[in-house]
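**Q** One file: model-v5.txt (compact mmCIF, C-alpha atoms).
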```txt
# COMPACT_ATOMS: atom_id res chain seq x y z
CA MET M 1 0.00 0.00 0.00
CA LYS M 2 1.34 3.41 -0.93
CA LYS M 3 2.46 5.59 1.96
CA VAL M 4 1.75 9.30 1.90
CA PHE M 5 4.51 11.86 2.35
CA THR M 6 4.07 13.82 5.59
CA LEU M 7 6.74 16.48 5.06
CA VAL M 8 5.46 20.05 4.68
CA ILE M 9 5.96 21.94 1.40
CA ILE M 10 6.97 25.63 1.80
CA ALA M 11 7.26 28.74 -0.33
CA ILE M 12 7.29 26.98 -3.72
CA VAL M 13 4.69 26.78 -6.45
CA VAL M 14 5.31 23.88 -8.82
CA PHE M 15 3.53 23.22 -12.08
CA PHE M 16 3.78 19.95 -13.96
CA SER M 17 2.82 18.65 -17.36
CA CYS M 18 1.53 15.12 -17.99
CA SER M 19 2.97 14.84 -21.51
CA LYS M 20 5.71 12.26 -22.06
CA LYS M 21 8.72 12.74 -24.31
CA ASN M 22 10.49 9.90 -26.04
CA ASN M 23 13.80 11.67 -26.61
CA ASP M 24 16.04 13.55 -24.24
CA PRO M 25 15.93 17.25 -25.24
CA ILE M 26 19.16 18.02 -23.37
CA PRO M 27 22.50 17.68 -25.24
CA LEU M 28 24.47 14.61 -24.23
CA ASN M 29 27.49 16.64 -23.10
CA LEU M 30 25.44 17.92 -20.18
CA LYS M 31 25.14 14.46 -18.67
CA SER M 32 28.39 12.72 -19.58
CA ALA M 33 30.08 10.68 -16.84
CA ASP M 34 33.15 12.27 -15.24
CA SER M 35 34.99 9.47 -13.42
CA THR M 36 34.41 9.00 -9.68
CA VAL M 37 34.96 10.62 -6.29
CA THR M 38 36.14 8.92 -3.08
CA ILE M 39 34.30 9.92 0.11
CA ALA M 40 34.96 8.29 3.49
CA GLY M 41 36.85 5.49 1.77
CA ASP M 42 34.09 4.54 -0.67
CA ILE M 43 34.11 5.23 -4.42
CA TYR M 44 31.05 6.96 -5.90
CA PRO M 45 30.26 7.43 -9.60
CA VAL M 46 29.54 10.99 -10.65
CA VAL M 47 27.70 12.65 -13.53
CA LYS M 48 27.76 16.12 -15.09
CA ILE M 49 24.40 17.90 -15.18
CA GLY M 50 24.60 21.41 -16.59
CA THR M 51 27.40 23.37 -14.92
CA GLN M 52 27.62 20.95 -11.98
CA THR M 53 28.94 17.47 -11.21
CA TRP M 54 26.81 15.27 -8.91
CA THR M 55 27.32 11.95 -7.20
CA SER M 56 24.97 9.59 -9.01
CA VAL M 57 24.29 7.13 -6.17
CA ASN M 58 23.28 7.76 -2.57
CA TYR M 59 25.90 8.17 0.15
CA ARG M 60 26.45 5.08 2.33
CA GLY M 61 29.33 6.11 4.65
CA PRO M 62 29.60 6.07 8.46
CA GLY M 63 26.48 6.84 10.45
CA GLY M 64 23.01 6.82 8.98
CA ILE M 65 20.59 3.90 8.81
CA PHE M 66 19.47 1.56 6.07
CA ASN M 67 15.81 1.59 5.09
CA THR M 68 14.99 -1.77 6.62
CA GLY M 69 11.66 -1.80 4.81
CA TYR M 70 13.51 -1.90 1.50
CA LEU M 71 16.09 -4.59 2.17
CA ASP M 72 14.33 -7.22 0.04
CA ASN M 73 15.09 -5.11 -3.02
CA TYR M 74 18.20 -3.35 -1.71
CA SER M 75 21.24 -2.34 -3.74
CA VAL M 76 24.38 -0.33 -3.00
CA GLN M 77 22.83 2.59 -4.88
CA HIS M 78 20.12 2.97 -2.25
CA GLY M 79 22.69 4.04 0.35
CA LYS M 80 21.64 5.11 3.84
CA LEU M 81 19.32 7.71 5.34
CA TYR M 82 20.88 10.53 7.41
CA THR M 83 19.70 13.26 9.76
CA PRO M 84 20.55 16.87 8.89
CA GLN M 85 23.15 16.94 11.69
CA GLU M 86 24.83 13.74 10.50
CA ALA M 87 24.97 15.01 6.93
CA SER M 88 26.51 18.33 7.98
CA GLN M 89 29.45 16.46 9.57
CA ILE M 90 30.47 14.39 6.52
CA ALA M 91 34.04 15.19 5.50
CA LEU M 92 34.21 15.89 1.76
CA PRO M 93 37.04 16.25 -0.75
CA ALA M 94 38.00 19.74 -1.92
CA LYS M 95 35.33 21.52 -3.99
CA TRP M 96 32.58 19.07 -3.01
CA ARG M 97 29.64 20.12 -0.80
CA LEU M 98 26.20 19.20 0.39
CA PRO M 99 23.78 20.62 -2.17
CA THR M 100 21.96 23.84 -1.39
CA TYR M 101 18.46 24.74 -2.51
CA ASP M 102 20.06 26.69 -5.37
CA ASP M 103 22.08 23.65 -6.43
CA TYR M 104 18.95 21.53 -6.81
CA LEU M 105 17.21 24.39 -8.61
CA ALA M 106 20.17 24.68 -11.01
CA MET M 107 19.94 20.96 -11.70
CA LEU M 108 16.23 21.22 -12.47
CA ILE M 109 16.82 24.17 -14.80
CA ALA M 110 19.66 22.30 -16.54
CA ARG M 111 17.20 19.49 -17.19
CA GLY M 112 14.67 21.87 -18.73
CA ALA M 113 12.66 23.36 -15.83
CA LYS M 114 11.73 27.04 -16.09
CA GLN M 115 12.28 29.61 -13.34
CA ASN M 116 9.33 31.98 -13.01
CA SER M 117 9.51 35.71 -12.26
CA ASP M 118 8.10 35.18 -8.75
CA GLY M 119 10.93 32.80 -7.82
CA SER M 120 8.91 29.62 -8.29
CA TYR M 121 9.71 27.12 -11.01
CA SER M 122 7.87 24.95 -13.52
CA ALA M 123 9.00 21.40 -14.25
CA THR M 124 7.36 19.04 -16.73
CA LEU M 125 6.89 15.33 -16.21
CA ALA M 126 9.75 14.85 -18.69
CA VAL M 127 12.11 16.79 -16.41
CA THR M 128 11.11 14.68 -13.41
CA GLN M 129 11.43 11.38 -15.24
CA SER M 130 14.89 12.35 -16.49
CA LEU M 131 16.09 12.33 -12.86
CA MET M 132 14.48 8.99 -11.93
CA ALA M 133 16.15 5.59 -12.22
CA THR M 134 14.72 3.15 -14.75
CA PHE M 135 14.36 0.49 -12.05
CA GLY M 136 13.22 0.16 -8.44
CA TRP M 137 10.02 2.23 -8.62
CA ASP M 138 6.73 0.53 -7.77
CA GLU M 139 4.98 2.15 -10.73
CA GLY M 140 6.39 3.71 -13.86
CA GLY M 141 9.76 5.09 -12.91
CA GLY M 142 11.85 7.27 -15.16
CA ASN M 143 14.23 7.18 -18.11
CA ASN M 144 17.24 8.56 -16.19
CA TYR M 145 18.32 10.71 -19.13
CA SER M 146 20.18 12.94 -16.66
CA GLY M 147 22.19 10.12 -15.09
CA PHE M 148 21.13 11.30 -11.60
CA THR M 149 19.54 7.88 -10.92
CA ALA M 150 17.05 8.79 -8.20
CA LEU M 151 15.79 5.64 -6.47
CA PRO M 152 12.66 5.44 -4.28
CA THR M 153 14.50 4.76 -1.01
CA GLY M 154 11.98 6.92 0.86
CA PHE M 155 12.66 8.78 4.11
CA TYR M 156 12.44 8.25 7.88
CA HIS M 157 10.00 10.37 9.90
CA LEU M 158 8.88 9.91 13.52
CA ASN M 159 10.31 6.36 13.65
CA VAL M 160 8.53 5.25 10.49
CA PHE M 161 9.85 4.70 6.93
CA TYR M 162 7.76 6.52 4.31
CA GLY M 163 7.85 6.57 0.52
CA THR M 164 9.54 3.19 0.16
CA GLY M 165 9.19 2.17 -3.47
CA ASN M 166 7.54 5.39 -4.61
CA GLY M 167 9.53 8.35 -3.26
CA ALA M 168 13.10 9.68 -3.32
CA SER M 169 14.01 12.30 -0.70
CA PHE M 170 17.35 14.11 -0.42
CA LEU M 171 18.78 16.52 2.15
CA HIS M 172 19.93 19.98 1.12
CA SER M 173 21.26 22.98 2.97
CA ALA M 174 19.07 26.07 2.98
CA ILE M 175 21.88 28.52 3.76
CA GLU M 176 25.55 28.03 2.98
CA GLY M 177 27.45 27.03 6.12
CA THR M 178 24.42 25.87 8.10
CA PRO M 179 23.18 22.31 8.67
CA PRO M 180 20.68 21.14 6.01
CA ASP M 181 17.10 21.65 7.11
CA LEU M 182 15.27 21.38 3.82
CA GLY M 183 14.80 18.57 1.34
CA PHE M 184 14.28 17.73 -2.32
CA THR M 185 11.73 14.99 -3.04
CA ILE M 186 10.50 13.11 -6.08
CA GLY M 187 7.19 11.44 -5.38
CA PRO M 188 3.74 10.61 -6.73
CA GLY M 189 1.17 13.32 -7.25
CA PRO M 190 -2.64 13.07 -6.91
CA SER M 191 -2.88 11.52 -10.39
CA GLY M 192 -0.13 9.01 -9.65
CA GLN M 193 2.32 10.84 -11.93
CA PRO M 194 5.69 11.62 -10.28
CA PHE M 195 6.75 15.20 -9.65
CA VAL M 196 9.32 17.14 -7.63
CA TYR M 197 9.07 19.11 -4.38
CA LEU M 198 11.92 21.54 -3.73
CA GLY M 199 11.81 23.12 -0.28
CA VAL M 200 10.48 20.48 2.13
CA VAL M 201 10.71 21.19 5.85
CA LEU M 202 12.54 18.51 7.85
CA LEU M 203 12.57 17.80 11.58
CA ASP M 204 15.97 17.38 13.23
CA GLU M 205 15.36 13.64 13.62
CA ASP M 206 14.13 13.06 10.05
CA ARG M 207 16.39 11.05 7.75
CA CYS M 208 16.81 11.28 3.98
CA SER M 209 19.23 10.17 1.29
CA VAL M 210 22.34 12.29 0.68
CA ARG M 211 24.05 13.37 -2.54
CA PHE M 212 26.99 15.73 -3.10
CA VAL M 213 27.78 18.29 -5.77
CA LYS M 214 30.60 20.49 -7.06
CA ASP M 215 30.85 23.15 -9.74
CA ASN M 216 32.43 22.07 -13.03
```
Could I get this file's structure written as structure tokens?
**A**
Amino acid sequence: MKKVFTLVIIAIVVFFSCSKKNNDPIPLNLKSADSTVTIAGDIYPVVKIGTQTWTSVNYRGPGGIFNTGYLDNYSVQHGKLYTPQEASQIALPAKWRLPTYDDYLAMLIARGAKQNSDGSYSATLAVTQSLMATFGWDEGGGNNYSGFTALPTGFYHLNVFYGTGNGASFLHSAIEGTPPDLGFTIGPGPSGQPFVYLGVVLLDEDRCSVRFVKDN
């Protein structure tokens, strides 16, 4: 049975289209692989998206917890779920950082989302599906044209796992230099079509997946 996201959406208006596209409209050089990065002794593949390079699997280093509700279909790419405080203490190589709100917004725009004059953004279904892995989702899934490979590992809220199989939630830092307290989520909408939430309020004890980014 599908679980409903309980995180609160703030200060963002998001519009989505239900039209599918068969071909990636973004030039291939925006999503070409760029080797790997080593973090806490583990090697992570990375991918270029626009003017940024992102880790393309979830972090799985010290601390954090596995989504025990997903272990039957678990892979290394699912990684672990971390609290904002845990994520803020991860030691990163030079130039790498926890993504900010603006980093995730830049990624969406690189994939074809439009930034509106009021500060909100518009992202089509094609943009969302380009960030989603081709496997692991209970229904549909994406085409992963971006190489970001978002998997529905869900999140941990008030001692319960939510979104397992149908939601991907990532921590991001609202203000440079402060612990992350907001999140980026891909999940099902009222019609069952996936879409993105950017700017989700997290409690200190909530846990989400973690990615890292650097400027090209």
**Q** Let me make sure I understand: among M:Trp54, M:Gly41, M:Trp96, M:Val196, which one has the smallest atom-to-atom distance to M:Val127 if we use all atoms listed in the file?
**A**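 Smallest separation from M:Val127 among the options: M:Val196.
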**Q** Find, counting all atoms listed in the file, the residue in M:Phe161, M:Val213, M:Gln129, M:Lys80 that gets nearest to M:Pro188.
**A**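 Checking each of M:Phe161, M:Val213, M:Gln129, M:Lys80 against M:Pro188, counting all atoms listed in the file, the winner is M:Gln129.
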**Q** So which residues fall inside 6 Å of (21.5, 8.1, 6.4) if we count only C-alpha atoms? Mind giving them as a count of residues only?
**A** 6
**Q** Work out how far atom CA of M:Phe66 is from atom CA of M:Gln85, in Å to one decimal.
**A**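 Computing the Euclidean distance for atom CA of M:Gln85 and atom CA of M:Phe66 yields 16.8 Å.
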**Q** What would the list of residues within 8 Å of (12.7, 16.7, 6.2) (file frame) look like as a list in words, if only C-alpha atoms are what count?
**A**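 Taken together, the residues in range are Leu7, His157, Leu171, Asp181, Leu182, Gly183, Val200, Val201, Leu202, Leu203, Asp204, Asp206, Arg207 and Cys208 of chain M.
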**Q** From the set M:Thr185, M:Ser173, M:Lys214, M:Trp137, which residue has the shortest atom-to-atom contact distance to M:Tyr101, counting all atoms listed in the file?
**A**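 Ranked by minimum distance to M:Tyr101, first place goes to M:Ser173.
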**Q** Pick from M:Ile39, M:Ala133, M:Val210, M:Leu125: nearest to M:Gly189, with only C-alpha atoms counted?
**A**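 Nearest to M:Gly189: M:Leu125.
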**Q** What lies within 12 Å of M:Asn67 using only C-alpha atoms, ignoring chain neighbours under 3 positions off, as a VMD selection string?
**A** chain M and resid 60 64 70 to 76 78 to 82 152 to 157 159 to 165 168 207 to 209
**Q** Need the shell around M:Thr134: protein/DNA/RNA residues with any atom at most 6 Å away, counting only C-alpha atoms. Skip same-chain ones fewer than 2 positions apart. Format as a list in words?
**A**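 Answer for this query is Gly141, Gly142 and Asn143 of chain M.
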**Q** For the residues in the current selection, export C-alpha atoms as a JSON list (two decimals), in the frame of the given file.
**A**
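That gives us again_4.json:
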```json
[["chain", "number", "residue", "atom", "x", "y", "z"],
["M", 141, "GLY", "CA", 9.76, 5.09, -12.91],
["M", 142, "GLY", "CA", 11.85, 7.27, -15.16],
["M", 143, "ASN", "CA", 14.23, 7.18, -18.11]]
```
**Q** So the first atom is atom CA of M:Thr36 and the second is atom CA of M:Gly61; what is the distance between them in Å, to one decimal place?
**A**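 Atom-to-atom, atom CA of M:Thr36 and atom CA of M:Gly61 are spaced 15.5 Å apart.
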**Q** Have a look at atom CA of M:Glu205 and atom CA of M:Leu151 and let me know their distance in Å, one decimal.
**A**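 Going from atom CA of M:Glu205 over to atom CA of M:Leu151 covers 21.6 Å.
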**Q** Identify which of the residues M:Pro45, M:Gly140, M:Pro99, M:Pro84 lies closest to M:Gln193, counting all atoms listed in the file when measuring atom-to-atom distances.
**A**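 Selected residue with least distance to M:Gln193: M:Gly140.
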**Q** Between M:Leu198, M:Ile49, M:Ala40, M:Ala150, which has the minimum distance to M:Met107 (counting all atoms listed in the file)?
**A**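 When distances to M:Met107 are compared using all atoms listed in the file, the smallest one comes from M:Ile49.
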